[in-house]
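Structure file start_18.txt; described as compact mmCIF, C-alpha atoms.
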# COMPACT_ATOMS: atom_id res chain seq x y z
CA MET A 1 -0.52 -15.95 -14.12
CA SER A 2 0.51 -14.09 -17.27
CA VAL A 3 3.40 -15.65 -19.14
CA VAL A 4 3.01 -13.66 -22.37
CA SER A 5 2.68 -9.88 -22.62
CA LYS A 6 2.12 -7.70 -25.65
CA VAL A 7 4.92 -5.14 -25.63
CA LYS A 8 4.53 -3.47 -29.02
CA GLU A 9 1.48 -2.09 -30.79
CA THR A 10 0.71 -3.81 -34.06
CA PRO A 11 -1.53 -2.71 -36.92
CA GLU A 12 -4.87 -4.44 -37.35
CA LEU A 13 -4.17 -7.66 -39.24
CA LYS A 14 -7.64 -8.40 -40.59
CA ASP A 15 -6.76 -7.07 -44.05
CA VAL A 16 -3.25 -8.57 -44.20
CA PHE A 17 -3.63 -11.83 -46.11
CA ASP A 18 0.03 -12.71 -46.70
CA PHE A 19 1.32 -15.01 -43.92
CA SER A 20 4.92 -13.78 -44.12
CA GLU A 21 3.76 -10.16 -43.95
CA ARG A 22 1.73 -10.99 -40.82
CA GLN A 23 4.82 -12.56 -39.28
CA LYS A 24 6.88 -9.43 -40.02
CA LEU A 25 4.27 -7.19 -38.42
CA LEU A 26 4.19 -9.39 -35.29
CA GLN A 27 7.98 -9.55 -34.78
CA GLY A 28 8.88 -8.18 -31.35
CA ALA A 29 5.25 -7.67 -30.35
CA PHE A 30 5.25 -10.19 -27.50
CA ALA A 31 7.48 -10.84 -24.50
CA VAL A 32 7.65 -14.16 -22.67
CA ASP A 33 8.41 -14.50 -18.95
CA LYS A 34 11.00 -17.26 -19.28
CA GLU A 35 10.98 -18.17 -15.59
CA ALA A 36 7.20 -18.56 -15.60
CA ALA A 37 7.21 -20.58 -18.85
CA LYS A 38 10.05 -22.98 -18.03
CA GLY A 39 8.82 -26.54 -17.60
CA GLN A 40 5.14 -25.58 -17.77
CA ARG A 41 2.35 -26.97 -19.92
CA LEU A 42 0.65 -23.83 -21.19
CA LEU A 43 -2.67 -23.03 -22.84
CA LEU A 44 -2.52 -20.19 -25.35
CA ILE A 45 -5.95 -18.65 -25.98
CA ASP A 46 -6.80 -16.25 -28.81
CA ASP A 47 -10.13 -14.73 -29.73
CA LEU A 48 -9.72 -15.29 -33.47
CA TYR A 49 -7.87 -17.79 -35.65
CA ARG A 50 -7.22 -16.65 -39.18
CA SER A 51 -3.78 -17.65 -40.46
CA GLY A 52 -2.21 -18.95 -37.27
CA ALA A 53 0.64 -16.41 -37.49
CA THR A 54 0.12 -15.02 -33.98
CA ALA A 55 -0.34 -18.45 -32.40
CA ALA A 56 2.70 -19.86 -34.21
CA LEU A 57 4.92 -16.97 -33.20
CA VAL A 58 3.90 -17.00 -29.53
CA ALA A 59 4.02 -20.81 -29.29
CA LYS A 60 7.53 -20.79 -30.74
CA GLU A 61 8.67 -18.19 -28.22
CA LEU A 62 7.12 -20.18 -25.36
CA SER A 63 8.83 -23.36 -26.53
CA GLU A 64 12.16 -21.56 -26.83
CA ALA A 65 11.64 -20.24 -23.27
CA GLY A 66 11.47 -23.84 -22.06
CA ALA A 67 7.75 -24.58 -21.91
CA ALA A 68 7.14 -28.33 -21.65
CA ALA A 69 4.11 -28.09 -23.96
CA VAL A 70 1.99 -25.40 -25.58
CA TYR A 71 -1.68 -25.99 -26.40
CA PHE A 72 -3.78 -23.57 -28.43
CA LEU A 73 -7.48 -22.68 -28.24
CA ALA A 74 -9.25 -20.19 -30.51
CA MET A 75 -12.72 -18.90 -29.80
CA THR A 76 -13.68 -18.41 -33.44
CA LYS A 77 -12.35 -18.87 -36.96
CA THR A 78 -12.84 -16.46 -39.85
CA ARG A 79 -14.85 -17.52 -42.83
CA THR A 80 -12.93 -18.16 -46.01
CA ARG A 81 -13.24 -15.61 -48.75
CA SER A 82 -15.11 -16.79 -51.82
As structure tokens, please, write out the structure in this file.
Amino acid sequence: MSVVSKVKETPELKDVFDFSERQKLLQGAFAVDKEAAKGQRLLLIDDLYRSGATAALVAKELSEAGAAAVYFLAMTKTRTRS
């Protein structure tokens, strides 16, 4: 079951280091099926965790759609710049 769909192309975010800029670029990029989300405990999976902007945005939208709980799992984390 797919509760979240990407509905807008976004630029590659790997070189965008400002969290608020990432949030701006992600606005309107995802749609949530409110009927499918309502009352559900959902697992949000992403391939990469860098700033958390994508996860935070999608989790917020799922919560606002009535999800009972949203859990997050990332497959990898970027190394910090030194």
Atom CA of Ala68 of chain A and atom CA of Leu42 of chain A are how many Å apart? 7.9 Å
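What separates atom CA of Arg41 of chain A from atom CA of Leu73 of chain A is a distance of 13.6 Å.
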Please provide the set of residues having any atom within 8 Å of segment 16-33 of chain A, restricted to only C-alpha atoms, with same-chain residues fewer than 5 positions apart removed, written as a list in words.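 Residues near the query, excluding close chain neighbours: Val3, Val4, Ser5, Lys6, Val7, Lys8, Glu9, Thr10, Pro11, Ser51, Ala53, Thr54, Leu57, Val58, Glu61, Leu62 and Ala65 of chain A.
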Would you compute the distance between atom CA of Ser63 of chain A and atom CA of Leu43 of chain A? Give it in Å to one decimal.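 About the pair atom CA of Ser63 of chain A and atom CA of Leu43 of chain A: they are 12.1 Å apart.
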Selected residue, from A:Leu13, A:Ala56, A:Ala37, A:Leu48, that lies nearest to Met75 of chain A when counting all atoms listed in the file: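 When distances to Met75 of chain A are compared using all atoms listed in the file, the smallest one comes from A:Leu48.
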Can you work out which one of A:Glu35, A:Asp15, A:Asp47, A:Ala55 has the shortest atom-to-atom distance to Ala67 of chain A, counting all atoms listed in the file? A:Glu35
